[in-house]
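A.B. asks: For reference, this is protein-v8.cif, and it has mmCIF, C-alpha atoms.
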data_final
#
loop_
_atom_site.label_atom_id
_atom_site.label_comp_id
_atom_site.auth_asym_id
_atom_site.auth_seq_id
_atom_site.Cartn_x
_atom_site.Cartn_y
_atom_site.Cartn_z
CA MET U 1 21.52 -109.69 -59.13
CA PRO U 2 24.51 -111.78 -60.40
CA ASP U 3 23.97 -115.45 -61.16
CA LYS U 4 25.15 -116.97 -57.86
CA THR U 5 25.30 -120.45 -59.38
CA VAL U 6 28.57 -119.75 -61.16
CA SER U 7 31.67 -117.58 -60.65
CA TYR U 8 33.26 -115.61 -63.49
CA GLU U 9 36.12 -118.14 -63.66
CA GLU U 10 33.61 -120.96 -64.05
CA LEU U 11 31.62 -119.25 -66.81
CA ALA U 12 32.04 -121.18 -70.03
CA ALA U 13 30.53 -121.34 -73.48
CA GLY U 14 27.09 -122.90 -73.29
CA HIS U 15 26.23 -121.46 -69.86
CA LYS U 16 22.65 -120.19 -69.74
CA PHE U 17 21.64 -117.53 -67.23
CA PRO U 18 18.20 -117.66 -65.61
CA PRO U 19 15.68 -115.86 -67.88
CA ALA U 20 14.41 -112.42 -66.83
CA THR U 21 10.89 -111.10 -67.41
CA TYR U 22 9.92 -107.49 -68.13
CA GLU U 23 6.54 -105.86 -68.59
CA LEU U 24 6.89 -103.24 -71.31
CA ASN U 25 4.02 -101.08 -70.07
CA ALA U 26 3.23 -97.48 -71.02
CA SER U 27 5.14 -96.14 -68.01
CA PHE U 28 8.31 -98.05 -69.02
CA VAL U 29 8.05 -96.93 -72.66
CA SER U 30 7.43 -93.31 -71.64
CA LYS U 31 10.46 -93.32 -69.32
CA TYR U 32 12.59 -94.92 -72.04
CA LEU U 33 11.50 -92.40 -74.69
CA ARG U 34 12.30 -89.51 -72.34
CA ALA U 35 15.75 -91.01 -71.71
CA VAL U 36 16.54 -91.35 -75.42
CA ASP U 37 14.99 -87.99 -76.26
CA SER U 38 12.49 -89.45 -78.72
CA SER U 39 8.76 -89.20 -79.34
CA GLY U 40 7.88 -92.81 -80.17
CA ASP U 41 5.46 -94.33 -82.67
CA GLY U 42 2.93 -96.23 -80.57
CA PHE U 43 4.95 -99.43 -80.18
CA VAL U 44 7.89 -100.47 -78.04
CA PRO U 45 11.12 -99.17 -79.64
CA PRO U 46 13.29 -102.19 -80.49
CA LEU U 47 16.24 -100.70 -78.64
CA ALA U 48 14.09 -100.46 -75.49
CA ILE U 49 13.71 -104.24 -75.69
CA ALA U 50 17.44 -104.63 -76.29
CA ALA U 51 18.09 -102.33 -73.29
CA CYS U 52 16.21 -104.79 -71.06
CA ALA U 53 18.27 -107.67 -72.42
CA ILE U 54 21.56 -105.82 -71.91
CA ALA U 55 20.54 -104.75 -68.40
CA THR U 56 19.81 -108.43 -67.68
CA MET U 57 23.34 -109.27 -68.79
CA THR U 58 24.93 -106.60 -66.61
CA LYS U 59 22.98 -107.83 -63.61
CA LEU U 60 23.67 -111.52 -64.14
CA ILE U 61 27.33 -111.68 -65.14
CA PRO U 62 29.32 -112.45 -62.00
CA LEU U 63 32.17 -109.99 -62.63
CA PRO U 64 35.40 -110.21 -60.66
CA PRO U 65 35.43 -107.45 -57.98
CA GLY U 66 36.56 -104.04 -59.25
CA THR U 67 36.20 -105.02 -62.92
CA ILE U 68 34.71 -102.55 -65.38
CA ALA U 69 32.85 -104.25 -68.20
CA ILE U 70 33.11 -102.49 -71.56
CA HIS U 71 30.39 -103.05 -74.14
CA ALA U 72 32.53 -103.48 -77.25
CA SER U 73 30.04 -104.46 -79.93
CA GLN U 74 26.42 -105.40 -80.48
CA GLU U 75 24.46 -107.29 -83.09
CA LEU U 76 20.65 -107.20 -83.11
CA GLU U 77 17.87 -108.55 -85.26
CA PHE U 78 14.33 -107.24 -84.83
CA LEU U 79 11.85 -109.95 -85.71
CA LYS U 80 8.47 -108.68 -84.64
CA LEU U 81 6.66 -105.44 -83.83
CA VAL U 82 6.06 -105.36 -80.07
CA PRO U 83 2.94 -103.55 -78.81
CA ILE U 84 3.08 -101.50 -75.60
CA GLY U 85 1.93 -103.68 -72.69
CA THR U 86 3.74 -106.82 -73.90
CA THR U 87 5.56 -108.98 -71.36
CA ILE U 88 8.89 -110.26 -72.62
CA GLU U 89 11.32 -112.89 -71.41
CA CYS U 90 15.07 -112.36 -71.99
CA HIS U 91 17.30 -115.41 -72.38
CA ILE U 92 21.05 -114.85 -72.13
CA GLY U 93 23.77 -117.39 -72.73
CA VAL U 94 27.55 -117.46 -73.08
CA ALA U 95 28.59 -118.12 -76.68
CA GLN U 96 32.33 -117.69 -76.19
CA LYS U 97 34.82 -116.70 -73.53
CA ILE U 98 38.17 -115.53 -74.83
CA ALA U 99 41.30 -114.52 -72.91
CA ARG U 100 43.67 -112.25 -74.86
CA GLY U 101 46.63 -110.96 -72.88
CA LYS U 102 45.29 -108.52 -70.31
CA MET U 103 41.82 -108.59 -71.82
CA SER U 104 39.07 -111.10 -71.39
CA MET U 105 36.13 -111.12 -73.81
CA LEU U 106 32.70 -112.55 -73.26
CA ILE U 107 30.48 -113.09 -76.27
CA LEU U 108 26.88 -113.39 -75.12
CA GLU U 109 23.86 -114.48 -77.10
CA LEU U 110 20.48 -112.99 -76.35
CA GLU U 111 17.01 -114.06 -77.34
CA VAL U 112 13.82 -112.26 -76.40
CA PHE U 113 10.40 -113.92 -76.52
CA ASP U 114 6.89 -112.61 -76.02
CA LYS U 115 4.25 -114.36 -73.92
CA GLY U 116 3.19 -116.45 -76.91
CA LYS U 117 6.79 -117.79 -76.98
CA GLU U 118 7.39 -116.06 -80.31
CA LYS U 119 10.90 -114.71 -80.72
CA VAL U 120 10.79 -110.92 -81.06
CA GLN U 121 14.48 -110.14 -81.04
CA SER U 122 17.84 -111.85 -81.06
CA GLY U 123 21.40 -110.65 -80.88
CA ARG U 124 24.95 -111.01 -79.74
CA ALA U 125 26.94 -108.74 -77.43
CA THR U 126 30.70 -108.60 -76.97
CA ILE U 127 31.79 -107.51 -73.53
CA ALA U 128 35.45 -106.71 -72.90
CA LEU U 129 36.83 -107.10 -69.39
CA PRO U 130 40.29 -105.69 -68.68
CA THR U 131 41.96 -108.02 -66.17
CA MET I 1 20.22 -86.27 -86.39
CA VAL I 2 21.91 -84.39 -83.55
CA LYS I 3 21.68 -85.35 -79.86
CA HIS I 4 23.20 -83.80 -76.76
CA ILE I 5 24.48 -86.03 -73.99
CA THR I 6 23.89 -84.88 -70.43
CA GLN I 7 24.33 -86.64 -67.10
CA GLU I 8 20.59 -86.21 -66.59
CA LYS I 9 19.87 -88.21 -69.77
CA ILE I 10 22.37 -90.89 -68.73
CA ASN I 11 20.66 -91.15 -65.33
CA LEU I 12 17.26 -91.34 -67.01
CA TYR I 13 18.53 -94.10 -69.29
CA ALA I 14 19.89 -96.00 -66.27
CA GLU I 15 16.48 -95.76 -64.60
CA ALA I 16 14.59 -96.82 -67.73
CA SER I 17 16.90 -99.72 -68.59
CA GLY I 18 17.84 -100.79 -65.07
CA ASP I 19 21.54 -100.59 -65.97
CA PHE I 20 23.07 -98.72 -63.02
CA ASN I 21 26.70 -99.64 -63.72
CA PRO I 22 28.62 -96.99 -61.68
CA ILE I 23 30.74 -96.08 -64.70
CA HIS I 24 27.57 -94.39 -66.04
CA VAL I 25 25.97 -92.92 -62.94
CA ASP I 26 28.51 -92.56 -60.12
CA GLU I 27 30.67 -89.53 -60.87
CA SER I 28 33.14 -90.05 -58.01
CA PHE I 29 33.61 -93.75 -58.90
CA ALA I 30 33.98 -92.98 -62.61
CA ALA I 31 36.54 -90.23 -61.92
CA LYS I 32 38.90 -92.86 -60.48
CA THR I 33 38.67 -95.15 -63.53
CA PRO I 34 40.72 -94.87 -66.76
CA PHE I 35 37.70 -93.06 -68.28
CA GLY I 36 38.19 -90.16 -65.83
CA GLY I 37 34.45 -89.55 -65.58
CA THR I 38 31.06 -90.96 -66.37
CA ILE I 39 30.26 -92.21 -69.86
CA ALA I 40 26.95 -92.79 -71.63
CA HIS I 41 25.65 -96.32 -72.03
CA GLY I 42 26.64 -97.70 -75.43
CA MET I 43 23.02 -98.72 -75.91
CA LEU I 44 21.91 -95.09 -75.42
CA ASN I 45 24.13 -94.08 -78.34
CA LEU I 46 22.83 -97.02 -80.36
CA ALA I 47 19.24 -95.99 -79.57
CA TYR I 48 19.88 -92.78 -81.53
CA VAL I 49 20.99 -94.86 -84.52
CA SER I 50 17.83 -96.95 -84.30
CA GLU I 51 15.70 -93.80 -84.07
CA MET I 52 17.29 -92.54 -87.28
CA MET I 53 16.64 -95.90 -88.97
CA THR I 54 13.02 -95.88 -87.77
CA SER I 55 12.58 -92.36 -89.20
CA ALA I 56 13.95 -93.57 -92.53
CA PHE I 57 12.31 -97.00 -92.83
CA GLY I 58 9.42 -97.06 -90.33
CA ARG I 59 8.00 -100.46 -89.51
CA SER I 60 10.30 -102.23 -91.96
CA TRP I 61 13.06 -101.40 -89.48
CA VAL I 62 11.33 -102.30 -86.22
CA SER I 63 10.09 -105.65 -87.49
CA GLY I 64 12.73 -106.84 -89.90
CA GLY I 65 15.85 -104.74 -89.33
CA LYS I 66 19.29 -106.08 -88.48
CA LEU I 67 22.32 -104.19 -87.22
CA ARG I 68 25.91 -104.80 -86.29
CA ALA I 69 27.58 -102.01 -84.29
CA LYS I 70 31.00 -101.39 -82.77
CA PHE I 71 31.32 -99.07 -79.79
CA LYS I 72 34.59 -97.36 -80.64
CA GLU I 73 34.76 -94.49 -78.15
CA SER I 74 32.71 -93.36 -75.18
CA ALA I 75 30.25 -90.49 -75.25
CA ARG I 76 30.43 -88.22 -72.22
CA PRO I 77 28.18 -85.62 -70.61
CA GLY I 78 28.52 -82.41 -72.62
CA ASP I 79 29.10 -84.21 -75.92
CA THR I 80 27.07 -83.40 -79.02
CA LEU I 81 26.53 -86.48 -81.17
CA THR I 82 25.77 -86.38 -84.87
CA ILE I 83 24.22 -89.57 -86.22
CA THR I 84 24.38 -90.22 -89.96
CA GLY I 85 23.56 -93.11 -92.22
CA LYS I 86 23.49 -93.98 -95.88
CA ILE I 87 22.19 -96.71 -98.15
CA ASP I 88 25.23 -98.43 -99.63
CA CYS I 89 23.29 -100.67 -102.00
CA ILE I 90 19.93 -102.25 -102.67
CA GLU I 91 20.12 -106.01 -102.91
CA GLN I 92 17.53 -108.26 -104.50
CA ARG I 93 17.25 -111.76 -103.02
CA SER I 94 14.50 -113.94 -104.49
CA ASP I 95 11.47 -111.64 -104.52
CA VAL I 96 12.63 -109.39 -101.71
CA SER I 97 14.62 -106.13 -101.75
CA TYR I 98 16.99 -105.27 -98.94
CA ALA I 99 18.71 -101.96 -98.21
CA ASN I 100 22.29 -102.44 -97.03
CA CYS I 101 23.18 -99.39 -94.96
CA SER I 102 26.08 -98.04 -92.98
CA PHE I 103 25.86 -95.67 -90.03
CA GLU I 104 28.06 -93.59 -87.79
CA CYS I 105 27.71 -91.60 -84.63
CA ARG I 106 30.42 -88.95 -84.13
CA ASN I 107 31.06 -86.46 -81.36
CA GLN I 108 31.77 -82.73 -81.76
CA ARG I 109 35.50 -83.46 -82.22
CA GLY I 110 34.76 -85.78 -85.13
CA GLU I 111 35.63 -88.92 -83.16
CA THR I 112 33.61 -91.99 -84.08
CA ILE I 113 31.58 -93.18 -81.10
CA VAL I 114 29.58 -95.92 -82.83
CA ALA I 115 29.92 -97.32 -86.34
CA GLY I 116 28.25 -100.19 -88.08
CA GLU I 117 26.06 -101.69 -90.74
CA ALA I 118 22.36 -102.38 -90.98
CA ILE I 119 20.09 -104.33 -93.30
CA VAL I 120 16.43 -103.49 -93.83
CA ARG I 121 13.93 -105.61 -95.71
CA LEU I 122 12.19 -103.21 -98.08
CA SER I 123 9.55 -105.06 -100.02
CA SER I 124 8.55 -108.29 -101.59
CA GLY I 125 7.52 -108.55 -105.22
CA LYS I 126 4.50 -110.50 -104.00
CA GLU I 127 3.30 -107.67 -101.70
#
Here is the file; what I need is its structure written in the form of C-alpha coordinates.
C.D. replies:
Amino acid sequence: MPDKTVSYEELAAGHKFPPATYELNASFVSKYLRAVDSSGDGFVPPLAIAACAIATMTKLIPLPPGTIAIHASQELEFLKLVPIGTTIECHIGVAQKIARGKMSMLILELEVFDKGKEKVQSGRATIALPT
Amino acid sequence: MVKHITQEKINLYAEASGDFNPIHVDESFAAKTPFGGTIAHGMLNLAYVSEMMTSAFGRSWVSGGKLRAKFKESARPGDTLTITGKIDCIEQRSDVSYANCSFECRNQRGETIVAGEAIVRLSSGKE
(Lines of atoms letter the chains of each structure in order from A and count residues from 1; the text may use other names and numbers.)
(Lines give C-alpha, C1' and ligand atoms only; values in the text may rest on other atoms or scores of the structure.)
Protein backbone atom coordinates (compact mmCIF):
# COMPACT_ATOMS: atom_id res chain seq x y z
CA MET A 1 0.00 0.00 0.00
CA PRO A 2 1.48 3.45 -0.91
CA ASP A 3 2.79 5.65 1.88
CA LYS A 4 -0.27 7.86 2.46
CA THR A 5 1.75 10.32 4.51
CA VAL A 6 3.30 11.91 1.45
CA SER A 7 2.38 12.53 -2.21
CA TYR A 8 4.85 11.95 -5.05
CA GLU A 9 5.31 15.73 -5.43
CA GLU A 10 6.20 16.00 -1.75
CA LEU A 11 8.72 13.15 -1.81
CA ALA A 12 12.18 14.54 -1.20
CA ALA A 13 15.67 13.32 -0.42
CA GLY A 14 15.80 12.09 3.15
CA HIS A 15 12.23 10.77 3.22
CA LYS A 16 12.02 7.40 4.98
CA PHE A 17 9.17 5.01 4.22
CA PRO A 18 7.69 2.88 7.01
CA PRO A 19 9.74 -0.35 7.33
CA ALA A 20 8.22 -3.61 6.05
CA THR A 21 8.70 -7.03 7.64
CA TYR A 22 8.90 -10.36 5.81
CA GLU A 23 9.22 -13.90 7.11
CA LEU A 24 11.50 -15.79 4.74
CA ASN A 25 10.04 -19.21 5.52
CA ALA A 26 10.45 -22.43 3.53
CA SER A 27 7.23 -21.82 1.61
CA PHE A 28 8.41 -18.35 0.48
CA VAL A 29 11.85 -19.66 -0.54
CA SER A 30 10.32 -22.61 -2.41
CA LYS A 31 7.94 -20.30 -4.32
CA TYR A 32 10.81 -17.93 -5.12
CA LEU A 33 13.08 -20.73 -6.36
CA ARG A 34 10.31 -22.05 -8.60
CA ALA A 35 9.81 -18.55 -10.02
CA VAL A 36 13.50 -18.09 -10.82
CA ASP A 37 13.87 -21.65 -12.07
CA SER A 38 16.59 -22.53 -9.57
CA SER A 39 17.28 -25.34 -7.11
CA GLY A 40 18.66 -23.41 -4.13
CA ASP A 41 21.43 -24.20 -1.66
CA GLY A 42 19.72 -24.39 1.72
CA PHE A 43 19.76 -20.65 2.47
CA VAL A 44 17.71 -17.70 1.31
CA PRO A 45 19.00 -16.55 -2.11
CA PRO A 46 20.23 -12.96 -1.75
CA LEU A 47 18.09 -11.84 -4.67
CA ALA A 48 15.00 -13.21 -2.88
CA ILE A 49 15.77 -10.77 -0.07
CA ALA A 50 16.32 -7.98 -2.59
CA ALA A 51 13.00 -8.92 -4.24
CA CYS A 52 11.21 -8.25 -0.94
CA ALA A 53 12.92 -4.87 -0.65
CA ILE A 54 12.04 -3.90 -4.23
CA ALA A 55 8.45 -5.05 -3.78
CA THR A 56 8.31 -2.85 -0.67
CA MET A 57 9.43 0.09 -2.80
CA THR A 58 6.83 -0.54 -5.49
CA LYS A 59 4.10 -0.74 -2.87
CA LEU A 60 5.16 2.35 -0.94
CA ILE A 61 6.06 4.89 -3.61
CA PRO A 62 3.02 7.10 -4.15
CA LEU A 63 3.19 7.23 -7.96
CA PRO A 64 1.18 9.79 -9.91
CA PRO A 65 -1.88 8.05 -11.46
CA GLY A 66 -1.16 6.26 -14.75
CA THR A 67 2.62 6.39 -14.28
CA ILE A 68 4.72 3.36 -15.18
CA ALA A 69 7.82 3.07 -13.03
CA ILE A 70 10.87 1.68 -14.83
CA HIS A 71 13.58 -0.02 -12.79
CA ALA A 72 16.66 1.49 -14.43
CA SER A 73 19.53 0.24 -12.30
CA GLN A 74 20.32 -1.62 -9.11
CA GLU A 75 23.23 -1.84 -6.72
CA LEU A 76 23.35 -4.52 -4.03
CA GLU A 77 25.76 -5.65 -1.35
CA PHE A 78 25.24 -8.99 0.38
CA LEU A 79 26.59 -8.82 3.90
CA LYS A 80 25.44 -11.97 5.62
CA LEU A 81 24.20 -15.47 4.84
CA VAL A 82 20.49 -15.61 5.69
CA PRO A 83 19.07 -18.95 6.89
CA ILE A 84 15.59 -20.04 5.80
CA GLY A 85 13.07 -19.01 8.47
CA THR A 86 14.69 -15.60 9.12
CA THR A 87 12.44 -12.57 9.59
CA ILE A 88 13.78 -9.47 7.88
CA GLU A 89 12.91 -5.80 8.05
CA CYS A 90 13.29 -3.66 4.90
CA HIS A 91 14.07 0.04 5.29
CA ILE A 92 13.64 2.24 2.23
CA GLY A 93 14.53 5.89 1.90
CA VAL A 94 14.77 8.50 -0.84
CA ALA A 95 18.40 9.38 -1.59
CA GLN A 96 17.75 11.69 -4.54
CA LYS A 97 14.89 12.92 -6.69
CA ILE A 98 15.90 14.26 -10.07
CA ALA A 99 13.77 15.86 -12.78
CA ARG A 100 15.28 15.68 -16.28
CA GLY A 101 13.04 16.96 -19.05
CA LYS A 102 10.18 14.51 -19.43
CA MET A 103 11.79 12.03 -17.04
CA SER A 104 11.82 12.00 -13.29
CA MET A 105 14.30 9.77 -11.45
CA LEU A 106 14.06 8.50 -7.92
CA ILE A 107 17.19 7.09 -6.32
CA LEU A 108 16.20 4.94 -3.36
CA GLU A 109 18.41 3.46 -0.68
CA LEU A 110 17.54 0.14 0.85
CA GLU A 111 18.78 -1.57 3.97
CA VAL A 112 17.67 -4.98 5.19
CA PHE A 113 18.14 -6.14 8.77
CA ASP A 114 17.55 -9.46 10.50
CA LYS A 115 15.82 -9.82 13.86
CA GLY A 116 19.11 -9.31 15.67
CA LYS A 117 19.28 -5.87 13.96
CA GLU A 118 22.29 -7.00 11.94
CA LYS A 119 22.39 -5.60 8.43
CA VAL A 120 22.17 -8.44 5.91
CA GLN A 121 21.92 -6.46 2.70
CA SER A 122 22.10 -2.92 1.42
CA GLY A 123 21.64 -1.32 -1.96
CA ARG A 124 20.46 1.48 -4.15
CA ALA A 125 17.79 1.42 -6.84
CA THR A 126 17.20 3.95 -9.60
CA ILE A 127 13.60 4.21 -10.71
CA ALA A 128 12.75 6.21 -13.83
CA LEU A 129 9.31 7.75 -14.13
CA PRO A 130 8.29 9.18 -17.51
CA THR A 131 6.11 12.23 -16.83
CA MET B 1 23.48 -20.19 -18.28
CA VAL B 2 20.34 -20.13 -20.43
CA LYS B 3 16.84 -19.27 -19.16
CA HIS B 4 13.50 -19.07 -20.93
CA ILE B 5 11.06 -16.34 -20.00
CA THR B 6 7.39 -17.26 -19.91
CA GLN B 7 4.34 -15.39 -18.63
CA GLU B 8 3.89 -18.22 -16.14
CA LYS B 9 7.35 -17.56 -14.66
CA ILE B 10 6.65 -13.81 -14.53
CA ASN B 11 3.38 -14.50 -12.70
CA LEU B 12 5.17 -16.85 -10.30
CA TYR B 13 7.80 -14.19 -9.64
CA ALA B 14 5.05 -11.62 -8.97
CA GLU B 15 3.47 -13.99 -6.45
CA ALA B 16 6.77 -14.80 -4.75
CA SER B 17 7.99 -11.20 -4.57
CA GLY B 18 4.64 -9.48 -4.09
CA ASP B 19 5.40 -7.15 -7.02
CA PHE B 20 2.16 -7.18 -9.04
CA ASN B 21 2.88 -4.09 -11.13
CA PRO B 22 0.41 -4.50 -14.07
CA ILE B 23 3.20 -3.96 -16.60
CA HIS B 24 4.37 -7.47 -15.60
CA VAL B 25 1.12 -9.36 -15.05
CA ASP B 26 -1.79 -7.63 -16.79
CA GLU B 27 -1.56 -8.39 -20.50
CA SER B 28 -4.38 -6.07 -21.58
CA PHE B 29 -2.97 -3.16 -19.53
CA ALA B 30 0.58 -3.79 -20.78
CA ALA B 31 -0.59 -3.94 -24.42
CA LYS B 32 -1.69 -0.30 -24.17
CA THR B 33 1.68 0.92 -22.83
CA PRO B 34 4.76 1.84 -24.91
CA PHE B 35 6.08 -1.68 -24.13
CA GLY B 36 3.21 -3.21 -26.15
CA GLY B 37 2.98 -6.20 -23.81
CA THR B 38 4.08 -7.58 -20.50
CA ILE B 39 7.73 -7.54 -19.50
CA ALA B 40 9.67 -9.56 -16.93
CA HIS B 41 10.63 -7.94 -13.64
CA GLY B 42 14.17 -6.57 -13.85
CA MET B 43 14.89 -8.37 -10.59
CA LEU B 44 13.91 -11.70 -12.18
CA ASN B 45 16.58 -11.16 -14.84
CA LEU B 46 19.04 -10.11 -12.16
CA ALA B 47 18.22 -13.26 -10.16
CA TYR B 48 19.66 -15.30 -13.03
CA VAL B 49 22.89 -13.31 -12.80
CA SER B 50 23.07 -13.95 -9.07
CA GLU B 51 22.44 -17.67 -9.62
CA MET B 52 25.38 -17.76 -12.03
CA MET B 53 27.57 -15.95 -9.49
CA THR B 54 26.48 -18.34 -6.73
CA SER B 55 27.39 -21.31 -8.97
CA ALA B 56 30.82 -19.79 -9.56
CA PHE B 57 31.68 -18.47 -6.09
CA GLY B 58 29.30 -20.20 -3.63
CA ARG B 59 29.04 -18.64 -0.20
CA SER B 60 31.66 -16.01 -0.98
CA TRP B 61 29.00 -14.48 -3.23
CA VAL B 62 25.96 -14.74 -0.96
CA SER B 63 27.76 -13.28 2.04
CA GLY B 64 30.23 -10.83 0.64
CA GLY B 65 29.27 -10.15 -2.98
CA LYS B 66 28.53 -6.74 -4.46
CA LEU B 67 26.91 -5.91 -7.77
CA ARG B 68 25.98 -2.92 -9.86
CA ALA B 69 23.54 -3.61 -12.71
CA LYS B 70 21.85 -1.56 -15.42
CA PHE B 71 18.54 -2.75 -16.85
CA LYS B 72 19.03 -1.81 -20.49
CA GLU B 73 16.14 -3.54 -22.25
CA SER B 74 13.09 -5.50 -21.16
CA ALA B 75 12.80 -9.26 -21.32
CA ARG B 76 9.46 -10.51 -22.62
CA PRO B 77 7.55 -13.78 -22.55
CA GLY B 78 9.04 -16.04 -25.22
CA ASP B 79 12.56 -14.65 -24.83
CA THR B 80 15.56 -16.90 -24.28
CA LEU B 81 18.16 -15.24 -22.08
CA THR B 82 21.83 -16.16 -22.05
CA ILE B 83 23.68 -15.05 -18.94
CA THR B 84 27.47 -14.81 -19.07
CA GLY B 85 30.16 -13.48 -16.80
CA LYS B 86 33.92 -13.22 -16.62
CA ILE B 87 36.60 -12.36 -14.11
CA ASP B 88 38.24 -9.16 -15.33
CA CYS B 89 40.97 -9.09 -12.70
CA ILE B 90 41.96 -10.32 -9.27
CA GLU B 91 42.76 -7.50 -6.90
CA GLN B 92 44.74 -7.80 -3.68
CA ARG B 93 43.81 -5.35 -0.93
CA SER B 94 45.67 -5.80 2.36
CA ASP B 95 45.44 -9.54 2.99
CA VAL B 96 42.30 -10.11 0.97
CA SER B 97 41.79 -11.10 -2.68
CA TYR B 98 38.81 -9.84 -4.64
CA ALA B 99 37.55 -10.98 -8.03
CA ASN B 100 36.35 -8.06 -10.16
CA CYS B 101 33.82 -9.47 -12.61
CA SER B 102 31.57 -8.26 -15.39
CA PHE B 103 28.31 -9.87 -16.46
CA GLU B 104 25.72 -9.65 -19.19
CA CYS B 105 22.32 -11.04 -19.90
CA ARG B 106 21.34 -11.05 -23.59
CA ASN B 107 18.21 -12.15 -25.40
CA GLN B 108 18.03 -14.39 -28.49
CA ARG B 109 18.48 -11.34 -30.75
CA GLY B 110 21.74 -10.43 -29.01
CA GLU B 111 20.23 -7.40 -27.28
CA THR B 112 21.66 -6.66 -23.84
CA ILE B 113 18.95 -6.93 -21.20
CA VAL B 114 21.12 -6.49 -18.10
CA ALA B 115 24.80 -5.56 -17.84
CA GLY B 116 26.99 -4.79 -14.90
CA GLU B 117 29.91 -5.45 -12.62
CA ALA B 118 30.36 -7.52 -9.50
CA ILE B 119 33.01 -7.88 -6.82
CA VAL B 120 33.52 -11.05 -4.80
CA ARG B 121 35.76 -11.40 -1.78
CA LEU B 122 37.79 -14.54 -2.44
CA SER B 123 40.07 -15.20 0.49
CA SER B 124 42.13 -13.70 3.21
CA GLY B 125 45.79 -14.54 3.68
CA LYS B 126 44.96 -15.11 7.34
CA GLU B 127 42.30 -17.77 6.58
A.B. asks: To one decimal place in Å, what is the distance between CA of Ala56 (chain I) and CA of Ile54 (chain U)?
C.D. replies: 25.2 Å
A.B. asks: With the file shown as input, list the residues that the PyMOL selection byres ((chain I) within 8 of (chain U)) selects, as a ChimeraX atom specification.
C.D. replies: /I:9-10,12-13,16-19,21,23,42-44,46-48,50-51,59,61-72
A.B. asks: Could you check which of U:Leu63, U:Ile88, U:Ala26, U:Pro19 is closest to Val6 (chain U), using all atoms listed in the file?
C.D. replies: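 Of all the options, U:Leu63 lies closest to Val6 (chain U).
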A.B. asks: Using CA of Pro18 (chain U) and CA of Gly93 (chain U) as the two end points, give the distance in Å to one decimal.
C.D. replies: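 A separation of 9.0 Å between them.
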A.B. asks: Might you spell out which residues the PyMOL selection byres ((chain I and resi 25-37) around 8) would select in the displayed file, as a list of chain:residue names?
C.D. replies: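 With the shown file as input, the PyMOL selection byres ((chain I and resi 25-37) around 8) matches I:Gln7, I:Ile10, I:Asn11, I:Ala14, I:Phe20, I:Asn21, I:Pro22, I:Ile23, I:His24, I:Thr38, I:Ile39, I:Arg76.
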A.B. asks: Do you have the CA of Ser60 (chain I)-CA of Ser123 (chain I) distance handy?
C.D. replies: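 Result for CA of Ser60 (chain I) versus CA of Ser123 (chain I): 8.6 Å, one decimal.
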A.B. asks: Taking the file above as input, evaluate the PyMOL selection byres ((chain I and resi 113) around 7) and report the hits as a list in words.
C.D. replies: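 Checking the PyMOL selection byres ((chain I and resi 113) around 7) against this file, the residues are Phe71, Lys72, Glu73, Ser74, Ala75, Cys105, Arg106, Asn107, Glu111, Thr112, Val114 and Ala115 of chain I.
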A.B. asks: Hey, can you spit out that residue selection with C-alpha atoms as an mmCIF file, keeping the file's coordinate frame?
C.D. replies:
data_model
loop_
_atom_site.group_PDB
_atom_site.id
_atom_site.type_symbol
_atom_site.label_atom_id
_atom_site.label_comp_id
_atom_site.auth_asym_id
_atom_site.auth_seq_id
_atom_site.Cartn_x
_atom_site.Cartn_y
_atom_site.Cartn_z
ATOM 1 C CA PHE I 71 31.320 -99.070 -79.790
ATOM 2 C CA LYS I 72 34.590 -97.360 -80.640
ATOM 3 C CA GLU I 73 34.760 -94.490 -78.150
ATOM 4 C CA SER I 74 32.710 -93.360 -75.180
ATOM 5 C CA ALA I 75 30.250 -90.490 -75.250
ATOM 6 C CA CYS I 105 27.710 -91.600 -84.630
ATOM 7 C CA ARG I 106 30.420 -88.950 -84.130
ATOM 8 C CA ASN I 107 31.060 -86.460 -81.360
ATOM 9 C CA GLU I 111 35.630 -88.920 -83.160
ATOM 10 C CA THR I 112 33.610 -91.990 -84.080
ATOM 11 C CA VAL I 114 29.580 -95.920 -82.830
ATOM 12 C CA ALA I 115 29.920 -97.320 -86.340
#
A.B. asks: Applying 9 Å and all atoms listed in the file, which residues near Asp88 (chain I) remain after dropping the ones on its own chain fewer than 6 positions away? List them as a list in words.
C.D. replies: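 Listed by chain and then number, they are Ala99, Asn100, Cys101 and Ser102 of chain I.
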A.B. asks: If we count all atoms listed in the file and set the cut-off at 12 Å, which residues sit around Lys102 (chain U), ignoring sequence neighbours fewer than 3 positions away in its own chain? Please answer as JSON, numbers by chain.
C.D. replies: {"U": [98, 99, 105, 128, 129, 130, 131]}
